[in-house]
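The block underneath contains the structure these notes are about, expressed in structure tokens.
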Amino acid sequence: MSEDSLRRQGVPASALKERVSYLTLGLLATGAGCVLSDPQLDYDCLDVTISGSGPHRRRRPRFDVQIKASSVGGAVRALSGGDFAISLPRDQYEDLRAPAYLPIKLVAHIFPRGTEIPQVVTHSDRMVLDGIMLRSDPREWRPLRSGQESGTVRLRREDVFDIEYIRSEIKSLGDGGGR
């Protein structure tokens, strides 16, 4: 189905990608034994909070997530070596970099080039969703120069946002690490 067809139906492809990304994030959080806050309107550049459950040295470890969803060639561009880059408007970039009570992660759900409707392929023993989720920690981003209108974030191929990463982050926060 083309982008024009989707728009005539009232569902732009960007909205479908965003929704699939939220649902995928929820599945990953659940698989890690965590809970995902109800996604509400995007306030302060934050979409959801992932919270750990169960016993930890520190009560209720959690971190905030700003999620971006795009196909390669859209807001996300492929770099050499398998990495990707996404450009954020200055205000978003700076808001994510600002000191915060909870750690913040930018998570980009990157779909294959030309993807309008993310697909789930079913096999006899599993389902596979288009794309990959990569993460970046805004604490590691460089400050923008005066007058610079946007900031580019490098998304390294090895920084996969998956169940193991969520478990590791929650354990670290629960043990007293993090911000």
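Labels used: A, B, ... for chains in the order of the structure tokens, numbers from 1 for residues in each chain, and numbers from 1 for ligands as shown.
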For the interface of range 4-64 of chain A with range 115-136 of chain A (cut-off 10 Å, counting only C-alpha atoms), please tabulate each contacting residue of range 4-64 of chain A alongside its nearest pair of atoms and their separation in Å to one decimal, rows sorted by chain and increasing number, as CSV.
residue,atom,partner,partner_atom,distance
A:Leu6,CA,A:Glu116,CA,8.9
A:Pro12,CA,A:Glu116,CA,8.7
A:Ala13,CA,A:Glu116,CA,5.2
A:Ser14,CA,A:Glu116,CA,7.7
A:Ala15,CA,A:Ile117,CA,9.6
A:Leu16,CA,A:Ile117,CA,6.5
A:Lys17,CA,A:Pro118,CA,6.5
A:Glu18,CA,A:Pro118,CA,9.9
A:Arg19,CA,A:Pro118,CA,10.0
A:Val20,CA,A:Pro118,CA,7.3
A:Ser21,CA,A:Met133,CA,8.6
A:Thr24,CA,A:Leu129,CA,8.8
A:Leu25,CA,A:Met133,CA,8.9
Could you pull the residues within 10 Å of Glu149 in chain A, counting only C-alpha atoms, minus those fewer than 4 positions along the same chain, as a PDB file with N, CA and C atoms, in the first residue's frame?
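Saved file around.pdb follows:
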ATOM      1  N   LEU A  88      18.587  15.445  14.949  1.00  0.00           N
ATOM      2  CA  LEU A  88      17.528  15.946  15.821  1.00  0.00           C
ATOM      3  C   LEU A  88      17.553  17.466  15.827  1.00  0.00           C
ATOM      4  N   PRO A  89      16.375  18.093  15.870  1.00  0.00           N
ATOM      5  CA  PRO A  89      16.349  19.549  16.002  1.00  0.00           C
ATOM      6  C   PRO A  89      17.069  19.975  17.291  1.00  0.00           C
ATOM      7  N   ARG A  90      17.649  21.151  17.269  1.00  0.00           N
ATOM      8  CA  ARG A  90      18.440  21.642  18.402  1.00  0.00           C
ATOM      9  C   ARG A  90      17.707  21.503  19.737  1.00  0.00           C
ATOM     10  N   ASP A  91      16.452  21.922  19.788  1.00  0.00           N
ATOM     11  CA  ASP A  91      15.736  21.894  21.071  1.00  0.00           C
ATOM     12  C   ASP A  91      15.598  20.466  21.604  1.00  0.00           C
ATOM     13  N   TYR A  93      17.569  17.839  20.832  1.00  0.00           N
ATOM     14  CA  TYR A  93      18.925  17.385  21.144  1.00  0.00           C
ATOM     15  C   TYR A  93      19.349  17.908  22.513  1.00  0.00           C
ATOM     16  N   LEU A 144      26.236  21.262  21.267  1.00  0.00           N
ATOM     17  CA  LEU A 144      26.131  21.907  19.959  1.00  0.00           C
ATOM     18  C   LEU A 144      26.825  23.269  20.000  1.00  0.00           C
ATOM     19  N   ARG A 145      27.351  23.662  18.856  1.00  0.00           N
ATOM     20  CA  ARG A 145      27.963  24.989  18.740  1.00  0.00           C
ATOM     21  C   ARG A 145      26.872  26.047  18.692  1.00  0.00           C
TER      22      ARG A 145
END
So, with only C-alpha atoms as the atoms that count, which of A:Pro55, A:Tyr101, A:Arg139, A:Arg113 lies closest to Gly74 in chain A?
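Of the candidates, the smallest distance to Gly74 in chain A is held by A:Arg113.
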Which residues in range 46-80 of chain A does DSSP call strand (DSSP E)? List them as a ChimeraX atom specification.
/A:48-52,62-71,76-78
Find the spatial neighbours of Arg77 in chain A, counting only C-alpha atoms, within a cut-off of 10 Å - ignore same-chain residues fewer than 4 positions away - and output them as a compact mmCIF listing (two decimals) with N, CA, C and O atoms, in the first residue's frame.
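Output below, filename out-v8.txt:
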# COMPACT_ATOMS: atom_id res chain seq x y z
N SER A 70 11.87 5.32 11.99
CA SER A 70 12.09 5.79 10.62
C SER A 70 12.68 4.67 9.77
O SER A 70 13.34 3.77 10.28
N SER A 71 12.43 4.78 8.49
CA SER A 71 13.09 3.89 7.53
C SER A 71 14.44 4.48 7.14
O SER A 71 14.62 5.70 7.20
N VAL A 72 15.36 3.63 6.76
CA VAL A 72 16.63 4.10 6.23
C VAL A 72 16.32 4.97 5.00
O VAL A 72 15.51 4.60 4.16
N GLY A 73 16.96 6.13 4.94
CA GLY A 73 16.69 7.05 3.84
C GLY A 73 15.68 8.11 4.23
O GLY A 73 15.52 9.10 3.54
N ASP A 83 26.74 1.36 10.76
CA ASP A 83 26.15 2.30 11.69
C ASP A 83 25.12 3.17 10.99
O ASP A 83 25.00 3.16 9.76
N PHE A 84 24.39 3.93 11.80
CA PHE A 84 23.36 4.83 11.27
C PHE A 84 23.51 6.18 11.94
O PHE A 84 24.20 6.31 12.96
N ALA A 85 22.84 7.19 11.40
CA ALA A 85 22.82 8.53 12.01
C ALA A 85 21.42 9.09 11.89
O ALA A 85 20.70 8.83 10.93
N ILE A 86 21.05 9.85 12.91
CA ILE A 86 19.77 10.54 12.91
C ILE A 86 20.03 11.97 13.35
O ILE A 86 20.85 12.22 14.24
N SER A 87 19.37 12.89 12.69
CA SER A 87 19.51 14.30 13.03
C SER A 87 18.31 14.73 13.85
O SER A 87 17.17 14.42 13.51
N ILE A 110 14.73 1.37 13.51
CA ILE A 110 15.14 1.62 12.12
C ILE A 110 14.59 0.51 11.24
O ILE A 110 14.91 -0.66 11.42
N ARG A 113 14.92 0.34 4.18
CA ARG A 113 14.62 1.39 3.20
C ARG A 113 13.31 1.07 2.49
O ARG A 113 13.07 -0.06 2.09
N ARG A 154 25.03 9.53 16.25
CA ARG A 154 25.50 8.29 15.63
C ARG A 154 24.91 7.12 16.40
O ARG A 154 24.97 7.07 17.63
N LEU A 155 24.30 6.20 15.68
CA LEU A 155 23.71 4.99 16.26
C LEU A 155 24.59 3.82 15.83
O LEU A 155 24.56 3.41 14.67
Within 12 Å of Pro103 in chain A, counting only C-alpha atoms, which residues qualify if same-chain residues fewer than 5 places away don't, as an NGL selection string?
:A and (46 or 49-51 or 61-66 or 96-98 or 136-140 or 169-170 or 172-173 or 177-179)
Looking only at the backbone, which of the residues in chain A does DSSP tag as alpha helix (DSSP H), as a PDB file with N, CA and C atoms, in the first residue's frame?
ATOM      1  N   GLU A   3       2.096   5.324   0.394  1.00  0.00           N
ATOM      2  CA  GLU A   3       1.918   6.378   1.402  1.00  0.00           C
ATOM      3  C   GLU A   3       0.648   7.172   1.114  1.00  0.00           C
ATOM      4  N   ASP A   4       0.404   7.481  -0.171  1.00  0.00           N
ATOM      5  CA  ASP A   4      -0.816   8.225  -0.526  1.00  0.00           C
ATOM      6  C   ASP A   4      -2.073   7.451  -0.150  1.00  0.00           C
ATOM      7  N   SER A   5      -2.076   6.142  -0.402  1.00  0.00           N
ATOM      8  CA  SER A   5      -3.237   5.319  -0.039  1.00  0.00           C
ATOM      9  C   SER A   5      -3.461   5.323   1.468  1.00  0.00           C
ATOM     10  N   LEU A   6      -2.359   5.222   2.211  1.00  0.00           N
ATOM     11  CA  LEU A   6      -2.471   5.235   3.669  1.00  0.00           C
ATOM     12  C   LEU A   6      -3.022   6.565   4.161  1.00  0.00           C
ATOM     13  N   ARG A   7      -2.553   7.660   3.582  1.00  0.00           N
ATOM     14  CA  ARG A   7      -3.038   8.985   3.999  1.00  0.00           C
ATOM     15  C   ARG A   7      -4.525   9.141   3.695  1.00  0.00           C
ATOM     16  N   ARG A   8      -4.967   8.621   2.553  1.00  0.00           N
ATOM     17  CA  ARG A   8      -6.397   8.704   2.225  1.00  0.00           C
ATOM     18  C   ARG A   8      -7.224   7.928   3.241  1.00  0.00           C
ATOM     19  N   ALA A  13       1.987   6.462   7.133  1.00  0.00           N
ATOM     20  CA  ALA A  13       2.992   5.429   7.409  1.00  0.00           C
ATOM     21  C   ALA A  13       3.808   5.778   8.644  1.00  0.00           C
ATOM     22  N   SER A  14       4.102   7.054   8.848  1.00  0.00           N
ATOM     23  CA  SER A  14       4.888   7.444  10.027  1.00  0.00           C
ATOM     24  C   SER A  14       4.162   7.087  11.321  1.00  0.00           C
ATOM     25  N   ALA A  15       2.844   7.209  11.340  1.00  0.00           N
ATOM     26  CA  ALA A  15       2.070   6.841  12.533  1.00  0.00           C
ATOM     27  C   ALA A  15       2.099   5.333  12.759  1.00  0.00           C
ATOM     28  N   LEU A  16       2.044   4.558  11.689  1.00  0.00           N
ATOM     29  CA  LEU A  16       2.124   3.102  11.820  1.00  0.00           C
ATOM     30  C   LEU A  16       3.484   2.691  12.381  1.00  0.00           C
ATOM     31  N   LYS A  17       4.549   3.293  11.871  1.00  0.00           N
ATOM     32  CA  LYS A  17       5.898   2.972  12.355  1.00  0.00           C
ATOM     33  C   LYS A  17       6.033   3.336  13.838  1.00  0.00           C
ATOM     34  N   GLU A  18       5.521   4.485  14.208  1.00  0.00           N
ATOM     35  CA  GLU A  18       5.590   4.910  15.601  1.00  0.00           C
ATOM     36  C   GLU A  18       4.847   3.926  16.505  1.00  0.00           C
ATOM     37  N   ARG A  19       3.662   3.521  16.097  1.00  0.00           N
ATOM     38  CA  ARG A  19       2.860   2.589  16.904  1.00  0.00           C
ATOM     39  C   ARG A  19       3.559   1.231  17.034  1.00  0.00           C
ATOM     40  N   VAL A  20       4.094   0.738  15.921  1.00  0.00           N
ATOM     41  CA  VAL A  20       4.831  -0.534  15.954  1.00  0.00           C
ATOM     42  C   VAL A  20       6.029  -0.418  16.890  1.00  0.00           C
ATOM     43  N   SER A  21       6.681   0.730  16.896  1.00  0.00           N
ATOM     44  CA  SER A  21       7.838   0.929  17.762  1.00  0.00           C
ATOM     45  C   SER A  21       7.448   0.890  19.241  1.00  0.00           C
ATOM     46  N   TYR A  22       6.347   1.528  19.593  1.00  0.00           N
ATOM     47  CA  TYR A  22       5.863   1.477  20.981  1.00  0.00           C
ATOM     48  C   TYR A  22       5.529   0.037  21.382  1.00  0.00           C
ATOM     49  N   LEU A  23       4.848  -0.669  20.498  1.00  0.00           N
ATOM     50  CA  LEU A  23       4.477  -2.051  20.810  1.00  0.00           C
ATOM     51  C   LEU A  23       5.714  -2.933  20.956  1.00  0.00           C
ATOM     52  N   THR A  24       6.698  -2.736  20.090  1.00  0.00           N
ATOM     53  CA  THR A  24       7.943  -3.500  20.169  1.00  0.00           C
ATOM     54  C   THR A  24       8.672  -3.193  21.475  1.00  0.00           C
ATOM     55  N   LEU A  25       8.720  -1.920  21.836  1.00  0.00           N
ATOM     56  CA  LEU A  25       9.350  -1.527  23.093  1.00  0.00           C
ATOM     57  C   LEU A  25       8.656  -2.214  24.275  1.00  0.00           C
ATOM     58  N   GLY A  26       7.336  -2.289  24.232  1.00  0.00           N
ATOM     59  CA  GLY A  26       6.586  -2.967  25.282  1.00  0.00           C
ATOM     60  C   GLY A  26       6.906  -4.446  25.360  1.00  0.00           C
ATOM     61  N   LEU A  27       7.029  -5.089  24.211  1.00  0.00           N
ATOM     62  CA  LEU A  27       7.391  -6.511  24.186  1.00  0.00           C
ATOM     63  C   LEU A  27       8.787  -6.740  24.758  1.00  0.00           C
ATOM     64  N   LEU A  28       9.727  -5.887  24.396  1.00  0.00           N
ATOM     65  CA  LEU A  28      11.090  -6.024  24.911  1.00  0.00           C
ATOM     66  C   LEU A  28      11.125  -5.811  26.426  1.00  0.00           C
ATOM     67  N   ALA A  29      10.431  -4.790  26.905  1.00  0.00           N
ATOM     68  CA  ALA A  29      10.390  -4.524  28.343  1.00  0.00           C
ATOM     69  C   ALA A  29       9.784  -5.711  29.089  1.00  0.00           C
ATOM     70  N   THR A  30       8.702  -6.244  28.572  1.00  0.00           N
ATOM     71  CA  THR A  30       8.061  -7.403  29.193  1.00  0.00           C
ATOM     72  C   THR A  30       9.010  -8.594  29.205  1.00  0.00           C
ATOM     73  N   GLY A  31       9.704  -8.827  28.102  1.00  0.00           N
ATOM     74  CA  GLY A  31      10.663  -9.933  28.018  1.00  0.00           C
ATOM     75  C   GLY A  31      11.801  -9.789  29.009  1.00  0.00           C
ATOM     76  N   ARG A  90      17.649  21.151  17.269  1.00  0.00           N
ATOM     77  CA  ARG A  90      18.440  21.642  18.402  1.00  0.00           C
ATOM     78  C   ARG A  90      17.707  21.503  19.737  1.00  0.00           C
ATOM     79  N   ASP A  91      16.452  21.922  19.788  1.00  0.00           N
ATOM     80  CA  ASP A  91      15.736  21.894  21.071  1.00  0.00           C
ATOM     81  C   ASP A  91      15.598  20.466  21.604  1.00  0.00           C
ATOM     82  N   GLN A  92      15.305  19.515  20.739  1.00  0.00           N
ATOM     83  CA  GLN A  92      15.201  18.112  21.163  1.00  0.00           C
ATOM     84  C   GLN A  92      16.550  17.575  21.622  1.00  0.00           C
ATOM     85  N   TYR A  93      17.569  17.839  20.832  1.00  0.00           N
ATOM     86  CA  TYR A  93      18.925  17.385  21.144  1.00  0.00           C
ATOM     87  C   TYR A  93      19.349  17.908  22.513  1.00  0.00           C
ATOM     88  N   GLU A  94      19.157  19.202  22.739  1.00  0.00           N
ATOM     89  CA  GLU A  94      19.569  19.816  24.002  1.00  0.00           C
ATOM     90  C   GLU A  94      18.699  19.344  25.170  1.00  0.00           C
ATOM     91  N   ASP A  95      17.400  19.178  24.952  1.00  0.00           N
ATOM     92  CA  ASP A  95      16.515  18.671  26.015  1.00  0.00           C
ATOM     93  C   ASP A  95      16.953  17.283  26.468  1.00  0.00           C
ATOM     94  N   LEU A  96      17.313  16.421  25.528  1.00  0.00           N
ATOM     95  CA  LEU A  96      17.736  15.066  25.880  1.00  0.00           C
ATOM     96  C   LEU A  96      19.086  15.059  26.602  1.00  0.00           C
ATOM     97  N   ARG A  97      19.950  16.020  26.275  1.00  0.00           N
ATOM     98  CA  ARG A  97      21.274  16.121  26.916  1.00  0.00           C
ATOM     99  C   ARG A  97      21.212  16.724  28.311  1.00  0.00           C
ATOM    100  N   ILE A 163      16.329  -7.115  24.909  1.00  0.00           N
ATOM    101  CA  ILE A 163      15.991  -7.604  26.244  1.00  0.00           C
ATOM    102  C   ILE A 163      17.217  -7.622  27.144  1.00  0.00           C
ATOM    103  N   GLU A 164      18.337  -8.114  26.646  1.00  0.00           N
ATOM    104  CA  GLU A 164      19.548  -8.203  27.465  1.00  0.00           C
ATOM    105  C   GLU A 164      20.024  -6.823  27.896  1.00  0.00           C
ATOM    106  N   TYR A 165      19.943  -5.852  26.994  1.00  0.00           N
ATOM    107  CA  TYR A 165      20.354  -4.496  27.360  1.00  0.00           C
ATOM    108  C   TYR A 165      19.443  -3.941  28.459  1.00  0.00           C
ATOM    109  N   ILE A 166      18.141  -4.118  28.312  1.00  0.00           N
ATOM    110  CA  ILE A 166      17.197  -3.606  29.320  1.00  0.00           C
ATOM    111  C   ILE A 166      17.496  -4.254  30.677  1.00  0.00           C
ATOM    112  N   ARG A 167      17.680  -5.566  30.698  1.00  0.00           N
ATOM    113  CA  ARG A 167      17.995  -6.259  31.956  1.00  0.00           C
ATOM    114  C   ARG A 167      19.272  -5.701  32.587  1.00  0.00           C
ATOM    115  N   SER A 168      20.289  -5.519  31.775  1.00  0.00           N
ATOM    116  CA  SER A 168      21.567  -5.017  32.255  1.00  0.00           C
ATOM    117  C   SER A 168      21.428  -3.599  32.820  1.00  0.00           C
ATOM    118  N   GLU A 169      20.703  -2.745  32.123  1.00  0.00           N
ATOM    119  CA  GLU A 169      20.517  -1.362  32.568  1.00  0.00           C
ATOM    120  C   GLU A 169      19.739  -1.302  33.877  1.00  0.00           C
ATOM    121  N   ILE A 170      18.667  -2.090  33.967  1.00  0.00           N
ATOM    122  CA  ILE A 170      17.851  -2.114  35.184  1.00  0.00           C
ATOM    123  C   ILE A 170      18.676  -2.683  36.352  1.00  0.00           C
ATOM    124  N   LYS A 171      19.466  -3.714  36.106  1.00  0.00           N
ATOM    125  CA  LYS A 171      20.303  -4.281  37.169  1.00  0.00           C
ATOM    126  C   LYS A 171      21.311  -3.239  37.649  1.00  0.00           C
ATOM    127  N   SER A 172      21.959  -2.547  36.732  1.00  0.00           N
ATOM    128  CA  SER A 172      22.926  -1.522  37.095  1.00  0.00           C
ATOM    129  C   SER A 172      22.255  -0.412  37.923  1.00  0.00           C
ATOM    130  N   LEU A 173      21.108   0.050  37.479  1.00  0.00           N
ATOM    131  CA  LEU A 173      20.385   1.092  38.219  1.00  0.00           C
ATOM    132  C   LEU A 173      19.919   0.577  39.573  1.00  0.00           C
ATOM    133  N   GLY A 174      19.435  -0.647  39.610  1.00  0.00           N
ATOM    134  CA  GLY A 174      18.962  -1.251  40.850  1.00  0.00           C
ATOM    135  C   GLY A 174      20.067  -1.488  41.856  1.00  0.00           C
TER     136      GLY A 174
END
Nearest to Ser53 in chain A, chosen from A:Gly81, A:Ala69, A:Leu36, A:Phe161, with only C-alpha atoms counted in the distances
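Of A:Gly81, A:Ala69, A:Leu36, A:Phe161, the one nearest Ser53 in chain A, counting only C-alpha atoms, is A:Leu36.
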Using only C-alpha atoms, the shortest atom-to-atom distance to Lys105 in chain A among A:Gly176, A:Trp141, A:Gly52, A:Val11 belongs to A:Trp141
If you measure from CA of Thr152 in chain A to CA of Ser80 in chain A, what distance in Å do you get, rounded to one decimal?
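We find that CA of Thr152 in chain A and CA of Ser80 in chain A lie 15.3 Å from each other.
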Given only C-alpha atoms as the counted atoms, nearest of A:Arg156, A:Ala108, A:Ala100, A:Asp175 to Leu79 in chain A
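Of all the options, A:Arg156 lies closest to Leu79 in chain A.
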